[in-house]
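Worksheet: the structure to be examined is printed underneath.
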Amino acid sequence: MREEEKREKWNSGRKKVLLAAGLLVLSLLPLLWLGKYNVMCIDDYDYGRRVHDTWQATGSFAASVQTAWQQNMEFYQEWQGTYVSCFLMALCPMNFHYGIAWVVPVLMIGMFSVSTFVLGRHILTRWLGCEREGAALCMLLLLFVFYQVIEAPFEGIYWYNGSTHYVLMQSVWFFLLALVSETIWAEKRGRAAACCGAAVLLAVVVGGGNLVTGLQAEILMAFLLLYTLYQRRDKIIYVIIPFLAGSAGFLLNTLAPGNGKRSSLDMDEGYSAVKAVLLSFYHAGVFMIRWTPVLVILAWLALLPLLWKLAKASKRDFAHPIWVAAGAYCVLSAMFTPTLYAVGMAGLSRVDNIIQMTYYVALLMVTVYWLGYLSHRQEAGAGDTASAALGVFLERAGSRMSLVCVLLLLAVWVFTADKNTYTSISALRSLAKGEAQTFYTEAMERHSLYIDESIADVEVTPYSEKPYLFSFDDLSTDPGYWLNLAVTGYYHKDSVRLTEE
């Protein structure tokens, strides 16, 4: 009888996971469909020009890669130290085929969602002791909510240059963190060694990416190193090798000659190191409030009974909830420090996407930890009246509370008055109204003028339609505008300008 109950319980959990996965896929389809009408834009031209020239001249992918690396080394000396990001940004897919921009959202959504799912489920199961189906369900709902309220959809999904530098590098970091953590928990030495080897390669990649992700990696890897030093000394070698590899890459990044030369030309003035750190704690609180809209609150309430159940059944001790919450807040705050130090501001949209996801993952993990602490104290007879009442309520409300919150969440998602509030609904709107199709047709008309060798001075008309999620700046009527110059150089024209309306 007990085996039948376990089997029935497992099947029920699996059905919920499949339903959550179906909801996530359904919500992502409009975003991927809209990606069919994506185009090259902004910094893609400047970073990709030399590779595009090589490809046009030789048709050799190997020669194009060599050009990308040569440009990368020049950038390292003259402009910026992100030696992996700059290399990848030079290899924009549209350099090789202009109509392949649809691959960008596939790559960025695929990498970020899979890496977040892998890391989140790993933390829930390994560190917090939750069962696998429940952990998977939590992460699927978290991903659904994130992609509906993502801070900057264009920068995080459709723009190759911006999303490669931040979203792709953060994805690699999430995979790296899961691998290093797995070396601590792996029982077989071979598995631990394999994870360590893969982590070393990814650590070098992360070290050469953006400084927000790099700083986060340094902090969390240091925490893992301290943990293994005091708790799992037999595993310390598997952590210290990736840590050293990543730190070496991060130093190569930050000490690049190009960083100093670029800062001397940059008119933006950042804060001092101490002030940037202090202000980062303030901005973390401000953005946490901003990133907790109704949809996020409803998802959190829907998961609360499940999280209580998972935490209560866990064998972990959950002894330090205040330290865990404080640590999570410090890591989140540290992600605001690089931009405050470099340019004196927080709220750079392409950066905010990865901080926002880190916040949601941290919120989920801290919630589980606190619920585990309260439920275990209650079982030990040391809990207070409030925690006991919370436990009784969540256990009695259970699936009914979750169902009501999920229905409310879906209602808010679908019936919100402003159809651009949530990304999937906005994408569907643009597709249904024909905005995306019209925009793409006009973009291809522009491209036909760009590649026409008989035209030296190109004049293009403004877009008559543009999807709301494609929020990039257009060309200017001034041919000397930086974006006009980027397109001019990319296609070797004398000038490119936007005509008057």
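Ordering of the structure tokens sets the chain letters (A, B, ...), residue numbers begin anew at 1 in every chain, and ligands are numbered from 1 in the order given.
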
Residues near segment 231-236 of chain A, anyone? I mean within 8 Å using only C-alpha atoms, not counting same-chain ones fewer than 4 positions away, as a CSV table (one decimal) with C-alpha atoms, in the first residue's frame.
```csv
chain,number,residue,atom,x,y,z
A,183,THR,CA,32.0,18.6,-7.0
A,184,ILE,CA,31.3,19.1,-3.3
A,225,LEU,CA,36.1,27.8,-0.9
A,227,TYR,CA,32.9,26.3,3.1
A,240,ILE,CA,40.3,25.8,-5.5
```

Set out as a Markdown table a contact list for segment 292-359 of chain A and segment 119-129 of chain A with a cut-off of 8 Å, giving each residue of segment 292-359 of chain A that qualifies its closest atom pair and distance in Å to one decimal, counting only C-alpha atoms, ordered by chain and rising residue number.
```
| residue | atom | partner | partner_atom | distance |
| --- | --- | --- | --- | --- |
| A:Leu310 | CA | A:Gly129 | CA | 8.0 |
| A:Ala311 | CA | A:Leu128 | CA | 7.5 |
| A:Ser314 | CA | A:Gly129 | CA | 4.9 |
| A:Lys315 | CA | A:Gly129 | CA | 6.2 |
| A:Arg316 | CA | A:Gly129 | CA | 6.1 |
```

Same residues, all heavy atoms, output as a CSV table (one decimal), in the first residue's frame:
```csv
chain,number,residue,atom,x,y,z
A,310,LEU,N,8.1,21.2,1.1
A,310,LEU,CA,9.5,20.8,0.8
A,310,LEU,C,10.5,21.0,1.9
A,310,LEU,O,11.3,20.2,2.2
A,310,LEU,CB,9.9,21.5,-0.5
A,310,LEU,CG,9.2,21.2,-1.8
A,310,LEU,CD1,9.7,22.1,-2.9
A,310,LEU,CD2,9.4,19.8,-2.2
A,311,ALA,N,10.4,22.2,2.5
A,311,ALA,CA,11.3,22.6,3.6
A,311,ALA,C,11.1,21.7,4.8
A,311,ALA,O,12.0,21.3,5.5
A,311,ALA,CB,11.2,24.0,3.9
A,314,SER,N,12.6,18.3,4.5
A,314,SER,CA,14.0,18.3,4.3
A,314,SER,C,14.8,17.8,5.5
A,314,SER,O,14.3,18.1,6.6
A,314,SER,CB,14.5,19.7,3.9
A,314,SER,OG,15.9,19.7,3.8
A,315,LYS,N,15.9,17.2,5.3
A,315,LYS,CA,16.7,16.8,6.5
A,315,LYS,C,17.8,17.8,6.9
A,315,LYS,O,18.6,17.6,7.8
A,315,LYS,CB,17.4,15.4,6.1
A,315,LYS,CG,16.5,14.3,5.7
A,315,LYS,CD,15.5,14.0,6.9
A,315,LYS,CE,14.5,12.9,6.5
A,315,LYS,NZ,13.5,12.6,7.5
A,316,ARG,N,17.9,18.9,6.1
A,316,ARG,CA,18.8,20.0,6.5
A,316,ARG,C,18.4,20.6,7.8
A,316,ARG,O,17.2,20.6,8.2
A,316,ARG,CB,18.9,21.0,5.4
A,316,ARG,CG,19.3,20.4,4.0
A,316,ARG,CD,20.7,19.8,4.0
A,316,ARG,NE,21.0,19.3,2.6
A,316,ARG,CZ,20.9,18.1,2.2
A,316,ARG,NH1,20.4,17.1,3.1
A,316,ARG,NH2,21.2,17.7,1.0
```

Considering only C-alpha atoms, return as a tab-separated table (two decimals) with N, CA, C and O atoms, in the first residue's frame whatever protein or nucleic-acid residues lie within 7 Å of segment 199-212 of chain A, sequence-local ones (same chain, fewer than 5 positions apart) excluded.
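And here's selection12.tsv as it stands now:
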```tsv
chain	number	residue	atom	x	y	z
A	82	THR	N	37.41	42.63	-21.68
A	82	THR	CA	36.52	41.46	-21.68
A	82	THR	C	36.84	40.57	-22.88
A	82	THR	O	36.14	40.58	-23.89
A	83	TYR	N	37.90	39.79	-22.75
A	83	TYR	CA	38.49	39.07	-23.87
A	83	TYR	C	37.61	37.96	-24.44
A	83	TYR	O	37.79	37.55	-25.58
A	84	VAL	N	36.67	37.45	-23.68
A	84	VAL	CA	35.75	36.44	-24.21
A	84	VAL	C	34.54	37.11	-24.85
A	84	VAL	O	34.15	36.78	-25.97
A	85	SER	N	33.94	38.06	-24.16
A	85	SER	CA	32.77	38.76	-24.69
A	85	SER	C	33.08	39.44	-26.02
A	85	SER	O	32.32	39.34	-26.98
A	165	HIS	N	27.04	39.75	-24.06
A	165	HIS	CA	27.93	40.28	-23.03
A	165	HIS	C	27.40	40.01	-21.62
A	165	HIS	O	28.20	39.81	-20.70
A	166	TYR	N	26.10	39.98	-21.45
A	166	TYR	CA	25.54	39.84	-20.09
A	166	TYR	C	24.77	38.53	-19.91
A	166	TYR	O	25.13	37.70	-19.07
A	169	MET	N	26.96	35.37	-20.71
A	169	MET	CA	28.01	35.18	-19.71
A	169	MET	C	27.43	34.77	-18.35
A	169	MET	O	28.02	33.95	-17.65
A	172	VAL	N	26.68	31.08	-18.53
A	172	VAL	CA	27.89	30.27	-18.34
A	172	VAL	C	28.26	30.23	-16.85
A	172	VAL	O	28.65	29.18	-16.33
A	173	TRP	N	28.10	31.36	-16.16
A	173	TRP	CA	28.39	31.40	-14.73
A	173	TRP	C	27.46	30.49	-13.94
A	173	TRP	O	27.89	29.78	-13.02
A	176	LEU	N	28.66	27.06	-14.40
A	176	LEU	CA	29.91	26.92	-13.65
A	176	LEU	C	29.64	26.72	-12.16
A	176	LEU	O	30.22	25.82	-11.53
A	179	LEU	N	28.35	23.29	-11.46
A	179	LEU	CA	29.40	22.28	-11.59
A	179	LEU	C	30.31	22.25	-10.36
A	179	LEU	O	30.61	21.18	-9.82
A	180	VAL	N	30.76	23.43	-9.92
A	180	VAL	CA	31.64	23.50	-8.75
A	180	VAL	C	30.92	22.97	-7.51
A	180	VAL	O	31.49	22.23	-6.70
A	241	ILE	N	40.85	24.87	-7.68
A	241	ILE	CA	41.38	24.95	-9.06
A	241	ILE	C	40.50	25.83	-9.95
A	241	ILE	O	41.01	26.74	-10.61
A	242	PRO	N	39.17	25.63	-10.00
A	242	PRO	CA	38.34	26.56	-10.78
A	242	PRO	C	38.39	27.99	-10.23
A	242	PRO	O	38.34	28.95	-11.01
A	245	ALA	N	41.56	29.55	-11.52
A	245	ALA	CA	41.45	29.79	-12.96
A	245	ALA	C	40.57	30.99	-13.25
A	245	ALA	O	40.90	31.86	-14.07
A	246	GLY	N	39.43	31.08	-12.56
A	246	GLY	CA	38.53	32.21	-12.74
A	246	GLY	C	39.13	33.52	-12.27
A	246	GLY	O	38.96	34.56	-12.91
A	247	SER	N	39.85	33.46	-11.14
A	247	SER	CA	40.48	34.67	-10.61
A	247	SER	C	41.56	35.18	-11.55
A	247	SER	O	41.70	36.40	-11.75
A	249	GLY	N	41.61	34.75	-14.80
A	249	GLY	CA	40.91	35.35	-15.93
A	249	GLY	C	40.32	36.70	-15.59
A	249	GLY	O	40.37	37.64	-16.40
A	250	PHE	N	39.80	36.83	-14.38
A	250	PHE	CA	39.21	38.10	-13.95
A	250	PHE	C	40.28	39.18	-13.83
A	250	PHE	O	40.06	40.35	-14.18
A	253	ASN	N	41.24	40.39	-17.18
A	253	ASN	CA	40.16	41.26	-17.65
A	253	ASN	C	40.30	42.66	-17.08
A	253	ASN	O	40.34	43.66	-17.80
A	335	MET	N	26.28	43.21	-7.27
A	335	MET	CA	26.08	43.28	-8.72
A	335	MET	C	25.81	44.71	-9.19
A	335	MET	O	25.94	45.00	-10.39
A	338	PRO	N	29.81	47.48	-9.80
A	338	PRO	CA	30.66	47.84	-10.95
A	338	PRO	C	30.17	49.05	-11.74
A	338	PRO	O	30.98	49.91	-12.11
```

**Study point:** Interatomic distance, atom CA of Gly59 of chain A to atom CA of Asn72 of chain A (Å, one decimal)
**Key:** 20.3 Å

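Every protein or nucleic acid residue with an atom no more than 10 Å from Leu142 of chain A, counting only C-alpha atoms and leaving out same-chain residues fewer than 2 positions away, appears here: Ala20, Leu24, Ser113, Thr116, Phe117, Gly120, Ala136, Leu137, Cys138, Met139, Leu140, Phe144, Val145, Phe146, Tyr147, Val296, Ala299, Trp300, Leu303, Met357, Tyr360, Val361 and Leu364 of chain A.
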
Study note, to complete from the structure: From the list A:Ile354, A:Val366, A:Ala21, A:Cys405, the nearest residue to Ile322 of chain A using only C-alpha atoms is A:Val366

Review point. Looking only at the backbone, which of the residues in segment 51-145 of chain A does DSSP tag as helix (DSSP H, G or I), as a VMD selection string?
Key: chain A and resid 51 to 58 61 to 78 83 to 90 93 to 95 98 to 100 103 to 127 132 to 145

Export, as a JSON list (two decimals), in the first residue's frame, the selected residues with C-alpha atoms.
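Result file out.json:
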```
[["chain", "number", "residue", "atom", "x", "y", "z"],
["A", 51, "VAL", "CA", 34.63, 39.84, -39.46],
["A", 52, "HIS", "CA", 31.93, 40.69, -42.00],
["A", 53, "ASP", "CA", 34.59, 42.07, -44.36],
["A", 54, "THR", "CA", 36.68, 38.91, -43.98],
["A", 55, "TRP", "CA", 33.68, 36.68, -44.64],
["A", 56, "GLN", "CA", 32.71, 38.68, -47.73],
["A", 57, "ALA", "CA", 36.25, 38.55, -49.06],
["A", 58, "THR", "CA", 37.15, 34.91, -48.31],
["A", 61, "PHE", "CA", 34.77, 30.73, -41.34],
["A", 62, "ALA", "CA", 38.25, 29.91, -40.04],
["A", 63, "ALA", "CA", 39.60, 33.19, -41.43],
["A", 64, "SER", "CA", 36.65, 35.02, -39.88],
["A", 65, "VAL", "CA", 37.41, 33.51, -36.47],
["A", 66, "GLN", "CA", 41.05, 34.55, -36.84],
["A", 67, "THR", "CA", 39.95, 38.11, -37.64],
["A", 68, "ALA", "CA", 37.67, 38.11, -34.59],
["A", 69, "TRP", "CA", 40.57, 37.06, -32.37],
["A", 70, "GLN", "CA", 42.92, 39.68, -33.83],
["A", 71, "GLN", "CA", 40.30, 42.37, -33.22],
["A", 72, "ASN", "CA", 39.78, 41.00, -29.73],
["A", 73, "MET", "CA", 43.49, 41.39, -28.92],
["A", 74, "GLU", "CA", 43.49, 44.94, -30.26],
["A", 75, "PHE", "CA", 40.44, 45.78, -28.16],
["A", 76, "TYR", "CA", 42.23, 44.31, -25.14],
["A", 77, "GLN", "CA", 45.07, 46.77, -25.65],
["A", 78, "GLU", "CA", 43.02, 49.79, -26.71],
["A", 83, "TYR", "CA", 38.49, 39.07, -23.87],
["A", 84, "VAL", "CA", 35.75, 36.44, -24.21],
["A", 85, "SER", "CA", 32.77, 38.76, -24.69],
["A", 86, "CYS", "CA", 34.55, 40.88, -27.32],
["A", 87, "PHE", "CA", 35.58, 37.77, -29.24],
["A", 88, "LEU", "CA", 32.02, 36.40, -29.27],
["A", 89, "MET", "CA", 30.49, 39.78, -30.11],
["A", 90, "ALA", "CA", 32.70, 40.01, -33.19],
["A", 93, "PRO", "CA", 25.71, 35.41, -36.71],
["A", 94, "MET", "CA", 24.36, 38.17, -38.98],
["A", 95, "ASN", "CA", 27.90, 38.78, -40.25],
["A", 98, "TYR", "CA", 21.81, 38.76, -42.47],
["A", 99, "GLY", "CA", 18.53, 36.85, -42.21],
["A", 100, "ILE", "CA", 19.63, 34.56, -39.39],
["A", 103, "VAL", "CA", 18.83, 32.44, -33.81],
["A", 104, "VAL", "CA", 19.66, 35.12, -31.22],
["A", 105, "PRO", "CA", 16.50, 34.73, -29.07],
["A", 106, "VAL", "CA", 16.72, 30.95, -29.41],
["A", 107, "LEU", "CA", 20.28, 31.00, -28.08],
["A", 108, "MET", "CA", 19.72, 33.55, -25.32],
["A", 109, "ILE", "CA", 16.44, 32.16, -24.00],
["A", 110, "GLY", "CA", 17.75, 28.63, -24.31],
["A", 111, "MET", "CA", 21.00, 29.25, -22.45],
["A", 112, "PHE", "CA", 19.58, 31.48, -19.72],
["A", 113, "SER", "CA", 16.50, 29.39, -18.96],
["A", 114, "VAL", "CA", 18.35, 26.05, -18.95],
["A", 115, "SER", "CA", 21.25, 27.34, -16.84],
["A", 116, "THR", "CA", 18.89, 28.98, -14.34],
["A", 117, "PHE", "CA", 16.81, 25.81, -14.11],
["A", 118, "VAL", "CA", 19.89, 23.62, -13.60],
["A", 119, "LEU", "CA", 21.40, 25.85, -10.92],
["A", 120, "GLY", "CA", 18.12, 26.50, -9.10],
["A", 121, "ARG", "CA", 17.13, 22.85, -8.95],
["A", 122, "HIS", "CA", 20.65, 21.92, -7.86],
["A", 123, "ILE", "CA", 20.54, 24.36, -4.93],
["A", 124, "LEU", "CA", 17.06, 23.25, -3.92],
["A", 125, "THR", "CA", 17.87, 19.55, -3.99],
["A", 126, "ARG", "CA", 21.51, 19.43, -2.89],
["A", 127, "TRP", "CA", 21.82, 22.33, -0.44],
["A", 132, "ARG", "CA", 13.33, 16.78, -7.35],
["A", 133, "GLU", "CA", 9.80, 17.16, -8.73],
["A", 134, "GLY", "CA", 8.95, 19.97, -6.34],
["A", 135, "ALA", "CA", 12.23, 21.74, -7.10],
["A", 136, "ALA", "CA", 11.61, 21.47, -10.84],
["A", 137, "LEU", "CA", 8.08, 22.85, -10.45],
["A", 138, "CYS", "CA", 9.40, 25.86, -8.53],
["A", 139, "MET", "CA", 12.03, 26.69, -11.12],
["A", 140, "LEU", "CA", 9.63, 26.35, -14.06],
["A", 141, "LEU", "CA", 7.17, 28.80, -12.51],
["A", 142, "LEU", "CA", 10.02, 31.17, -11.63],
["A", 143, "LEU", "CA", 11.22, 31.14, -15.25],
["A", 144, "PHE", "CA", 7.69, 31.77, -16.51],
["A", 145, "VAL", "CA", 7.35, 34.85, -14.32]]
```

Check your understanding: A:Val458, A:Leu255, A:Leu304, A:Leu244: which is nearest Phe393 of chain A, counting only C-alpha atoms?
Key -> A:Leu304

Review point. Counting only C-alpha atoms, which of A:Met444, A:Ala194, A:Ala427, A:Val460 gets nearest to Gly35 of chain A?
Key: A:Ala427

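Nearest-residue note for Asp418 of chain A: choosing from A:Tyr468, A:Phe154, A:Tyr238, A:Tyr440, the minimum distance belongs to A:Tyr468, counting only C-alpha atoms.
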
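Pairwise distance (atom CA of Asp494 of chain A, atom CA of Asp457 of chain A) equals 5.4 Å.
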
Practice item. Find the residues near Asp44 of chain A: any atom within 8 Å, counting only C-alpha atoms, skip ones fewer than 4 places away on the same chain, and give them as a ChimeraX atom specification. Key: /A:40,48,89-90,92,160-161

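In terms of minimum interatomic distance to Ile425 of chain A, A:Leu469 ranks closest within A:Val274, A:Val392, A:Leu469, A:Ile42, counting only C-alpha atoms.
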
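Between Ile455 of chain A and the candidates A:Phe439, A:Trp185, A:Tyr491, A:Phe472, the tightest atom-to-atom separation, counting only C-alpha atoms, involves A:Tyr491.
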
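If you look at atom CA of Ser280 of chain A and atom CA of Phe336 of chain A, they are 5.2 Å away from each other.
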
Point to revise | Non-local contacts of Gly81 of chain A (7 Å; only C-alpha atoms; under 6 positions in same chain excluded) as a count of residues only | key: 5

Exercise for review: Tell me which protein, DNA and RNA residues are within 9 Å of Ala273 of chain A, counting only C-alpha atoms, leaving out same-chain ones fewer than 2 positions away, and put them as a list in words.
Suggested key: Gly270, Tyr271, Lys275, Ala276, Val277, Leu278, Thr337, Leu340 and Tyr341 of chain A
